[in-house]
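This report concerns only the one structure given below.
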Amino acid sequence: MKSWALWLGTLLMRPRGRMTWAAARMAATLSLEPAGRCCWDEPVRIAVHGLAREQPVTLRASLRDERGALFRAHARYRADARGELDLARAPALGGSFAGLEPMGLLWALEPEKPLLRLVKRDVQTPFAVELEVLDGHGPESGRLLGRAVHERGFLRPGVRREPVRAGRVRATLFLPPDEGPSPGIIDLFGSGGGLCEYRASLLAGHGFAVLALAYFRFEDLPEYLNDTHLEYFEEAVDFMLQHPKVKGPSIGLLGFSKGGDLCLSMASFLKGITATVLINTCVANTLAPLYYKDMIIPNLGNDIGKLKVTESGYTTFFDIWNNPLEEPDHLSLIPLEKAQGPFLFIVGTDDHSWKSELYAHIASERLQTHGKDRPQIICYAETGHCIDPPYFPPSLASMHSVLNKAVYYGGKPRAHSRAQVDAWQQIQAFFHKHLNGKKSVKHSKI
């Protein structure tokens with residue numbers, strides 16, 4: 001049998017001594033480093049061994065979320081002269097992406113049904129990513145050469161998840177593996193409501209005690225964001241400062257979209273906060289009036305007549321919001337000059353929900369006018385509204401869970417995905433510096 005295989009291989013040799021694909025009937029091996037399970041925000045090195053010399057192959061990735069929705073990506077490659085393929089060195093020749101993108105099979109995942117956003121609803125279980133190697137570059141699926149399942153989790157070994165039902169506070173606390181106490185952070189999401197844990201769970205794996213805090217559309221909390229009382233968030237701050245595993249005497253805040261302006265208000269009016277990170281947020285109070293003791297901050301006005309719908313039928317809110325500096329007495333502006341700690345503004349310059357770059361610069365000017373240090377502002381070109389942890393597929397448009405409208409968020413997939421990697425490092429560095437006294441990391445160019 002061995003001599004027959006050798007004779008057939010010799011018969012099919014090209015004149016230059018190159019074996020045709022018909023002779024390359026070997027099984028390929030997918031190699032993953034690290035092997036087994038890793039965290040979602042960790043890169044993985046994907047390689048294929050056992051191919052023929054310069055063999056064309058197609059790599060496919062797929063996963064199903066907790067609700068059964070399918071997300072898929074594919075890319076065409078060519079093996080090297082030794083029949084090896086390393087995605088860290090080999091550029092994709094087309095497909096869901098092109099060029100040198102070692103993590104492209106993850107960030108380029110697209111939903112089978114349009115307008116679905118990939119999020120993690122249960123951080124206690126991993127996402128299972130199925131990877132396949134197929135022969136050839138044809139539009140039809142080639143012969144399956146190899147397959148592997150790659151698990152990407154959200155709780156690093158030793159990270160503890162503790163549901164919190166303390167007074168009115170509805171949240172989940174994630175504690176890092178070390179004995180602590182650890183620097184504390186409260187994490188707030190936007191106008192979709194509910195309790196989002198995936199960012200907090202990943203951040204806890206980097207040495208922080210993180211409270212994922214819900215404020216509406218969860219359990220016995222209000223169903224709609226009709227008005228907001230800062231006393232609720234003050235309870236959450238007190239809970240963190242009194243927790244034995246949280247390092248005092250202060251904590252940090254991390255807020256996205258509506259959660260960002262809530263964090264600005266918390267930093268401005270509440271004690272015990274010394275570092276605040278805002279991701280694509282407004283410098284004014286938005287969507288609902290904010291109440292605190294005998295004070296009311298009205299919400300930023302809007303002109304619904306300026307609502308735009310794209311050719312694809314997606315809604316954009318970019319133009320509807322009033323300029324807070326042009327409103328009478330600037331009543332909706334949050335007095336962030338009262339805050340005790342520094343700010344980091346993460347801005348996507350292609351944000352189609354908020355004028356995030358303008359708002360960051362308004363905040364900078366206001367702080368400096370009141371004799372405070374200017375905030376750190378990092379702007380990412382071709383990056384939209386929804387800046388998630390690394391390797392989540394950029395959400396350029398999705399069905400808003402509260403508005404029930406197809407909303408366009410903006411961004412270009414490649415640039416947006418790179419921004420997510422860099423922003424994640426910048427967020428950690430900022431909190432380590434201002435909550436832990438560690439030196440900052442250098443900002444990479446995007």
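Ligands are numbered from 1 in the order shown, residues from 1 within each chain, and chains are lettered A, B, ... in the order they appear in the structure tokens.
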Write out as a VMD selection string the residues lying within 10 Å of segment 245-250 of chain A, counting only C-alpha atoms and excluding same-chain residues fewer than 2 positions away.
chain A and resid 175 to 176 178 to 185 208 to 210 237 to 243 252 271 to 275 341 435 to 436
Segment 221-427 of chain A: residues DSSP assigns to helix (DSSP H, G or I), reported as a ChimeraX atom specification:
/A:230-242,258-269,304-306,324-326,328-330,336-338,356-369,413-427
Excluding same-chain residues fewer than 3 positions from Arg217 of chain A, what lies within 6 Å of it counting only C-alpha atoms, as a VMD selection string?
chain A and resid 193 to 194 222 to 223
Do you know which residues are at most 8 Å from segment 122-128 of chain A counting only C-alpha atoms, after dropping those on the same chain fewer than 5 positions away, and could you put them as a PyMOL selection string?
chain A and resi 63-66+149-155+197-198+201
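With only C-alpha atoms as the atoms that count, the residue of A:Gly190, A:Gly259, A:Gly384, A:Pro394 with the shortest distance to Leu116 of chain A is A:Pro394.
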Phe343 of chain A: which residues within 10 Å, counting only C-alpha atoms, same-chain residues fewer than 6 positions away excluded, as a list of chain:residue names?
A:Gly252, A:Leu253, A:Leu264, A:Ala267, A:Thr274, A:Ala275, A:Thr276, A:Val277, A:Leu278, A:Leu336, A:Ala360, A:Ala363, A:Ser364, A:Asp373, A:Arg374, A:Pro375, A:Gln376, A:Ile377, A:Phe430
Selection to disk with N, CA and C atoms, as a PDB file, in the first residue's frame:
```pdb
ATOM      1  N   GLY A 252     -13.593  53.639  41.119  1.00  0.00           N
ATOM      2  CA  GLY A 252     -13.678  54.190  39.779  1.00  0.00           C
ATOM      3  C   GLY A 252     -15.027  53.886  39.154  1.00  0.00           C
ATOM      4  N   LEU A 253     -15.326  54.581  38.056  1.00  0.00           N
ATOM      5  CA  LEU A 253     -16.563  54.389  37.307  1.00  0.00           C
ATOM      6  C   LEU A 253     -16.245  54.145  35.844  1.00  0.00           C
ATOM      7  N   LEU A 264     -20.826  60.516  34.909  1.00  0.00           N
ATOM      8  CA  LEU A 264     -20.429  61.914  35.078  1.00  0.00           C
ATOM      9  C   LEU A 264     -21.175  62.551  36.247  1.00  0.00           C
ATOM     10  N   ALA A 267     -19.801  61.107  39.544  1.00  0.00           N
ATOM     11  CA  ALA A 267     -18.499  61.687  39.879  1.00  0.00           C
ATOM     12  C   ALA A 267     -18.635  63.123  40.350  1.00  0.00           C
ATOM     13  N   THR A 274     -12.767  58.605  42.353  1.00  0.00           N
ATOM     14  CA  THR A 274     -11.533  59.298  41.969  1.00  0.00           C
ATOM     15  C   THR A 274     -11.052  58.994  40.560  1.00  0.00           C
ATOM     16  N   ALA A 275     -11.781  58.231  39.783  1.00  0.00           N
ATOM     17  CA  ALA A 275     -11.368  57.949  38.401  1.00  0.00           C
ATOM     18  C   ALA A 275     -12.598  57.534  37.609  1.00  0.00           C
ATOM     19  N   THR A 276     -12.819  58.195  36.458  1.00  0.00           N
ATOM     20  CA  THR A 276     -14.030  57.940  35.673  1.00  0.00           C
ATOM     21  C   THR A 276     -13.682  57.784  34.201  1.00  0.00           C
ATOM     22  N   VAL A 277     -14.147  56.683  33.604  1.00  0.00           N
ATOM     23  CA  VAL A 277     -13.953  56.420  32.178  1.00  0.00           C
ATOM     24  C   VAL A 277     -15.306  56.484  31.487  1.00  0.00           C
ATOM     25  N   LEU A 278     -15.377  57.265  30.405  1.00  0.00           N
ATOM     26  CA  LEU A 278     -16.609  57.430  29.644  1.00  0.00           C
ATOM     27  C   LEU A 278     -16.396  56.936  28.226  1.00  0.00           C
ATOM     28  N   LEU A 336     -19.330  68.724  35.926  1.00  0.00           N
ATOM     29  CA  LEU A 336     -18.249  67.781  36.191  1.00  0.00           C
ATOM     30  C   LEU A 336     -17.036  68.429  36.833  1.00  0.00           C
ATOM     31  N   ALA A 360     -16.798  65.500  24.426  1.00  0.00           N
ATOM     32  CA  ALA A 360     -15.534  65.350  25.153  1.00  0.00           C
ATOM     33  C   ALA A 360     -14.781  66.672  25.205  1.00  0.00           C
ATOM     34  N   ALA A 363     -16.403  69.036  27.641  1.00  0.00           N
ATOM     35  CA  ALA A 363     -15.987  68.669  28.997  1.00  0.00           C
ATOM     36  C   ALA A 363     -14.594  69.198  29.301  1.00  0.00           C
ATOM     37  N   SER A 364     -13.679  69.074  28.338  1.00  0.00           N
ATOM     38  CA  SER A 364     -12.310  69.546  28.534  1.00  0.00           C
ATOM     39  C   SER A 364     -12.273  71.054  28.772  1.00  0.00           C
ATOM     40  N   ASP A 373      -7.655  70.065  35.786  1.00  0.00           N
ATOM     41  CA  ASP A 373      -6.832  69.455  34.736  1.00  0.00           C
ATOM     42  C   ASP A 373      -7.716  69.027  33.580  1.00  0.00           C
ATOM     43  N   ARG A 374      -7.169  69.139  32.369  1.00  0.00           N
ATOM     44  CA  ARG A 374      -7.918  68.669  31.216  1.00  0.00           C
ATOM     45  C   ARG A 374      -8.025  67.149  31.265  1.00  0.00           C
ATOM     46  N   PRO A 375      -9.111  66.587  30.767  1.00  0.00           N
ATOM     47  CA  PRO A 375      -9.258  65.123  30.782  1.00  0.00           C
ATOM     48  C   PRO A 375      -8.408  64.481  29.694  1.00  0.00           C
ATOM     49  N   GLN A 376      -8.171  63.203  29.840  1.00  0.00           N
ATOM     50  CA  GLN A 376      -7.536  62.435  28.771  1.00  0.00           C
ATOM     51  C   GLN A 376      -8.608  62.065  27.759  1.00  0.00           C
ATOM     52  N   ILE A 377      -8.375  62.391  26.500  1.00  0.00           N
ATOM     53  CA  ILE A 377      -9.326  62.085  25.430  1.00  0.00           C
ATOM     54  C   ILE A 377      -8.608  61.250  24.378  1.00  0.00           C
ATOM     55  N   PHE A 430      -5.573  53.239  32.831  1.00  0.00           N
ATOM     56  CA  PHE A 430      -6.091  54.405  33.533  1.00  0.00           C
ATOM     57  C   PHE A 430      -6.513  54.037  34.958  1.00  0.00           C
TER      58      PHE A 430
END
```
Show which residues sit within 9 Å of segment 83-94 of chain A, as a count of residues only. Count only C-alpha atoms, and ignore same-chain residues fewer than 5 positions away.
22
Phe318 of chain A: which residues within 10 Å, counting only C-alpha atoms, same-chain residues fewer than 2 positions away excluded, as a list in words?
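Those residues are Lys306, Leu307, Lys308, Thr315, Thr316, Ile320, Trp321, Asp351, His352, Ser353, Trp354, Lys355, Ser356, Tyr408 and Tyr409 of chain A.
One distance worth recording is that between atom CA of Lys120 of chain A and atom CA of Ala381 of chain A, which is 26.2 Å.
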Run DSSP on the backbone and tell me which residues of segment 34-239 of chain A come out as strand (DSSP E); list them as a ChimeraX atom specification.
/A:38-39,45-49,56-64,70-78,85-86,110-111,127-135,144-153,160-166,169-175,182-188,209-213,228-229
Could you check the closest approach to Val169 of chain A for each of A:Glu130, A:Asp135, A:Glu110, A:Glu234 and tell me which residue wins, using only C-alpha atoms?
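Smallest separation from Val169 of chain A among the options: A:Glu234.
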Considering only C-alpha atoms, state which residue in the set A:Asp220, A:Pro163, A:Leu225, A:Ile334 is at the smallest distance from Leu287 of chain A.
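For Leu287 of chain A, the nearest of the candidates is A:Leu225.
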Two-atom distance - atom CA of Asp261 of chain A, atom CA of Gly411 of chain A (Å):
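Separation of atom CA of Asp261 of chain A and atom CA of Gly411 of chain A: 21.7 Å.
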Could you tell me which of A:Ala406, A:Val283, A:Leu211, A:Leu202 comes closest to Phe189 of chain A if we count only C-alpha atoms?
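Of all the options, A:Leu211 lies closest to Phe189 of chain A.
When only C-alpha atoms are used to compute distances to His229 of chain A, the closest of the residues A:Phe431, A:Phe392, A:Tyr215, A:Phe97 turns out to be A:Tyr215.
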To one decimal place in Å, what is the distance between atom CA of Arg67 of chain A and atom CA of Arg37 of chain A?
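Distance reported for this atom pair: 21.4 Å.
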